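S.K.: Following this message is one structure expressed as structure tokens.
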Amino acid sequence: MKTFQLSILLFILFSCKKENIYYYSDNKTIKDSTVIRFVDEELEKLKIDTKEKNLKIYTTLDSTSYKSNLDSIRNKIFDSSLNYNLKPEDKKAFDEWFREKIIVVDNSTRKVVNFYSSFKTKKYDRNDLSMGGLRKIIRIGSALYKNSNFEISENYLANYPSQVISGKDLEISQEEVQFLSNFNINNLNTKGYFYNYIPYLDAIKILQTYNGGLLKQPSVIEKVLINEKMVYLKKDNPRKIFDTKSLEKIWHLFSYQKKYSFGAFKNQLTNTQNLIFFGTNSDHYMIINDGKYTYFIYIFGTVITNLDKKEYKIILPQIFKRVEIKYYNAIRK
């Protein structure tokens, strides 16, 4: 009798337990903790408290997984690194610390359609990037936003620098501050681009605006229900930023850069319209537009061999342009 009563009590407890449910765009339930963390970050921006249980969150994300494709590339990166400064005994540290994050956004709808992260815990996760790598891109936009007749050397973006540049060239002008405010990027430290960080989706938003001239916020959340009541529904508020003449100049600059900075990879970049690559010894970023989608690829390329002693090994930075193009082709839709 007691066993029966205990069973009834447990049934009632579990039946009353409220949990949030996350859905892919095909209504499959999201179980991946890295995806849920990404969605929660976007919910926080919408001021939706995920601690308030019984939420139903419908996302724009596709349930397709590319993990097996990406794991294959990871293994090849480790094998190649054995020819440089890694050793076979570093495999465990490599698996623990070598990390990627990939975001794919539809250029037309600006819906985030794919997300992948190998950052298993929040502690060392990456969510934003230094604006230093976008410095030239921003300055092009700032100039052409105000004046479509502004002349920019066609090789301005070629050999896009990844190194830190010192001096006045790093400062953010008031014109650039005003331009960035269009993207809701504010409260900047104007002493230098490298002092400022923006979320990955903001970096994608800037590049997508350059591709079509239309500013529209990339979205992850389609709608949110609490106790079956709608509390959020995505709305678009697109705004034209660049006129046709400015866009033509931007496209020409990207085209020149692709030809002269990525010419060695032309066979791997078929039907790709434009792309940029930037970063540091540890952090490597590539943003690629194939016309239909924009692909954001981030790799943390430092292997921590002893965290307590702060000992680490850096995977050869020169390989990452080629590596990220491989990631792009592995997930291309």
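Ordered as shown in the structure tokens, chains take letters A, B, and onward, while each chain numbers its residues from 1 and ligands are numbered from 1 in the order shown.
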To test your reading of the structure, identify every residue in region 40-279 of chain A that backbone DSSP assigns to strand (DSSP E), and report it as a ChimeraX atom specification.
M.R.: /A:55-59,99-106,112-117,128-130,197-199,214-215,221-226,229-233,239-240,274-279
S.K.: Next, write the just-selected residues to a file, as a short mmCIF file (atom, residue, chain, number, x, y, z; two decimals), in the first residue's frame, keeping N, CA and C atoms as the atom set.
M.R.:
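And here's selection18.cif as it stands now:
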data_model
loop_
_atom_site.label_atom_id
_atom_site.label_comp_id
_atom_site.auth_asym_id
_atom_site.auth_seq_id
_atom_site.Cartn_x
_atom_site.Cartn_y
_atom_site.Cartn_z
N LEU A 55 7.95 27.84 -20.16
CA LEU A 55 8.08 28.56 -21.41
C LEU A 55 8.13 27.57 -22.57
N LYS A 56 7.57 27.98 -23.69
CA LYS A 56 7.75 27.27 -24.94
C LYS A 56 8.43 28.23 -25.91
N ILE A 57 9.66 27.88 -26.30
CA ILE A 57 10.46 28.77 -27.13
C ILE A 57 10.60 28.15 -28.52
N TYR A 58 10.07 28.84 -29.51
CA TYR A 58 10.13 28.37 -30.89
C TYR A 58 11.23 29.16 -31.61
N THR A 59 12.23 28.45 -32.13
CA THR A 59 13.37 29.11 -32.73
C THR A 59 13.34 29.01 -34.26
N ARG A 99 38.36 24.70 -29.94
CA ARG A 99 36.92 24.94 -29.96
C ARG A 99 36.49 25.72 -31.21
N GLU A 100 35.23 25.44 -31.64
CA GLU A 100 34.66 26.12 -32.79
C GLU A 100 33.25 26.62 -32.43
N LYS A 101 32.85 27.66 -33.13
CA LYS A 101 31.47 28.13 -33.07
C LYS A 101 31.08 28.59 -34.46
N ILE A 102 29.93 28.12 -34.93
CA ILE A 102 29.48 28.42 -36.29
C ILE A 102 28.03 28.89 -36.26
N ILE A 103 27.76 29.99 -36.96
CA ILE A 103 26.41 30.54 -37.06
C ILE A 103 26.11 30.78 -38.53
N VAL A 104 24.95 30.30 -38.98
CA VAL A 104 24.54 30.49 -40.38
C VAL A 104 23.24 31.28 -40.38
N VAL A 105 23.23 32.38 -41.16
CA VAL A 105 22.07 33.27 -41.20
C VAL A 105 21.58 33.43 -42.63
N ASP A 106 20.28 33.30 -42.82
CA ASP A 106 19.66 33.50 -44.13
C ASP A 106 19.73 34.98 -44.51
N VAL A 112 18.49 33.05 -38.16
CA VAL A 112 19.62 32.17 -37.87
C VAL A 112 19.14 30.74 -38.09
N VAL A 113 19.68 30.09 -39.10
CA VAL A 113 19.16 28.77 -39.47
C VAL A 113 20.00 27.62 -38.94
N ASN A 114 21.25 27.90 -38.60
CA ASN A 114 22.09 26.84 -38.02
C ASN A 114 23.01 27.42 -36.96
N PHE A 115 23.24 26.62 -35.92
CA PHE A 115 24.17 27.01 -34.87
C PHE A 115 24.91 25.76 -34.41
N TYR A 116 26.23 25.89 -34.30
CA TYR A 116 27.04 24.78 -33.77
C TYR A 116 28.09 25.36 -32.84
N SER A 117 28.28 24.72 -31.71
CA SER A 117 29.31 25.13 -30.77
C SER A 117 29.91 23.91 -30.10
N ASP A 128 31.53 37.18 -28.10
CA ASP A 128 31.76 38.45 -28.79
C ASP A 128 33.18 38.52 -29.33
N LEU A 129 33.42 39.52 -30.17
CA LEU A 129 34.72 39.67 -30.81
C LEU A 129 35.17 41.12 -30.76
N SER A 130 36.48 41.31 -30.85
CA SER A 130 37.04 42.66 -30.86
C SER A 130 36.69 43.34 -32.18
N TYR A 197 34.11 45.46 -27.96
CA TYR A 197 33.67 44.12 -28.35
C TYR A 197 32.19 44.15 -28.71
N ILE A 198 31.83 43.38 -29.72
CA ILE A 198 30.42 43.29 -30.12
C ILE A 198 30.04 41.81 -30.24
N PRO A 199 28.75 41.49 -30.01
CA PRO A 199 28.29 40.11 -30.17
C PRO A 199 28.49 39.62 -31.61
N LEU A 214 20.37 46.65 -46.79
CA LEU A 214 19.23 46.68 -45.87
C LEU A 214 19.66 46.22 -44.48
N LEU A 215 19.39 47.05 -43.49
CA LEU A 215 19.69 46.72 -42.10
C LEU A 215 18.51 46.00 -41.48
N ILE A 221 14.85 33.77 -32.24
CA ILE A 221 13.59 33.44 -31.60
C ILE A 221 12.42 33.80 -32.53
N GLU A 222 11.57 32.82 -32.81
CA GLU A 222 10.39 33.06 -33.64
C GLU A 222 9.23 33.54 -32.76
N LYS A 223 8.98 32.82 -31.68
CA LYS A 223 7.93 33.22 -30.75
C LYS A 223 8.16 32.53 -29.41
N VAL A 224 7.56 33.10 -28.36
CA VAL A 224 7.68 32.54 -27.01
C VAL A 224 6.29 32.53 -26.36
N LEU A 225 5.96 31.39 -25.75
CA LEU A 225 4.70 31.25 -25.04
C LEU A 225 4.98 30.96 -23.57
N ILE A 226 4.18 31.56 -22.70
CA ILE A 226 4.20 31.23 -21.27
C ILE A 226 2.81 30.75 -20.90
N LYS A 229 0.32 31.21 -23.51
CA LYS A 229 -0.02 32.58 -23.88
C LYS A 229 1.17 33.23 -24.57
N MET A 230 0.94 33.84 -25.73
CA MET A 230 2.00 34.47 -26.50
C MET A 230 2.55 35.69 -25.76
N VAL A 231 3.87 35.70 -25.52
CA VAL A 231 4.50 36.85 -24.88
C VAL A 231 5.53 37.52 -25.78
N TYR A 232 5.88 36.83 -26.86
CA TYR A 232 6.80 37.43 -27.83
C TYR A 232 6.56 36.83 -29.20
N LEU A 233 6.54 37.70 -30.22
CA LEU A 233 6.44 37.28 -31.61
C LEU A 233 7.39 38.15 -32.42
N ARG A 239 15.60 48.59 -42.49
CA ARG A 239 15.88 49.99 -42.83
C ARG A 239 17.00 50.05 -43.85
N LYS A 240 16.81 50.87 -44.87
CA LYS A 240 17.81 51.02 -45.92
C LYS A 240 18.97 51.86 -45.41
N ASN A 274 31.52 36.98 -51.29
CA ASN A 274 32.58 37.71 -50.61
C ASN A 274 32.84 37.11 -49.24
N LEU A 275 33.97 37.47 -48.67
CA LEU A 275 34.35 36.94 -47.36
C LEU A 275 35.44 37.79 -46.74
N ILE A 276 35.55 37.74 -45.42
CA ILE A 276 36.65 38.38 -44.71
C ILE A 276 37.20 37.39 -43.70
N PHE A 277 38.48 37.56 -43.38
CA PHE A 277 39.17 36.70 -42.41
C PHE A 277 40.00 37.61 -41.53
N PHE A 278 39.92 37.42 -40.21
CA PHE A 278 40.69 38.25 -39.29
C PHE A 278 40.85 37.51 -37.97
N GLY A 279 41.69 38.05 -37.10
CA GLY A 279 41.87 37.42 -35.81
C GLY A 279 43.24 37.68 -35.20
#
S.K.: Lys249 (chain A): which residues within 10 Å, counting only C-alpha atoms, same-chain residues fewer than 2 positions away excluded, as an MDAnalysis selection string?
M.R.: chainID A and resid 140 144 148:152 154 244:247 251:255
S.K.: Identify which of the residues A:Val177, A:Gly192, A:Ala93, A:Tyr293 lies closest to Leu307 (chain A), counting only C-alpha atoms when measuring atom-to-atom distances.
M.R.: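 Closest to Leu307 (chain A) of all the choices is A:Ala93.
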S.K.: My list of candidates is A:Asp26, A:Asn271, A:Tyr84, A:Phe194. Which is closest to Gln318 (chain A) when distances are computed with only C-alpha atoms?
M.R.: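 Smallest distance to Gln318 (chain A) is found for A:Tyr84.
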S.K.: When you look at Tyr24 (chain A) with a cut-off of 6 Å (counting only C-alpha atoms), what residues show up, excluding the ones that are within fewer than 5 positions of it in the same chain? I need them as a PyMOL selection string.
M.R.: chain A and resi 59+61-63
S.K.: Would you write out those residues with N, CA, C and O atoms, as a PDB file, in the first residue's frame?
M.R.:
ATOM      1  N   THR A  59      12.225  28.448 -32.125  1.00  0.00           N
ATOM      2  CA  THR A  59      13.373  29.115 -32.734  1.00  0.00           C
ATOM      3  C   THR A  59      13.342  29.006 -34.259  1.00  0.00           C
ATOM      4  O   THR A  59      12.529  28.283 -34.838  1.00  0.00           O
ATOM      5  N   LEU A  61      15.978  27.866 -35.831  1.00  0.00           N
ATOM      6  CA  LEU A  61      17.100  26.967 -36.092  1.00  0.00           C
ATOM      7  C   LEU A  61      16.674  25.658 -36.761  1.00  0.00           C
ATOM      8  O   LEU A  61      15.663  25.058 -36.394  1.00  0.00           O
ATOM      9  N   ASP A  62      17.499  25.226 -37.700  1.00  0.00           N
ATOM     10  CA  ASP A  62      17.324  23.929 -38.352  1.00  0.00           C
ATOM     11  C   ASP A  62      17.884  22.849 -37.430  1.00  0.00           C
ATOM     12  O   ASP A  62      18.897  23.050 -36.761  1.00  0.00           O
ATOM     13  N   SER A  63      17.260  21.692 -37.394  1.00  0.00           N
ATOM     14  CA  SER A  63      17.709  20.610 -36.512  1.00  0.00           C
ATOM     15  C   SER A  63      18.852  19.790 -37.113  1.00  0.00           C
ATOM     16  O   SER A  63      19.399  18.901 -36.451  1.00  0.00           O
TER      17      SER A  63
END
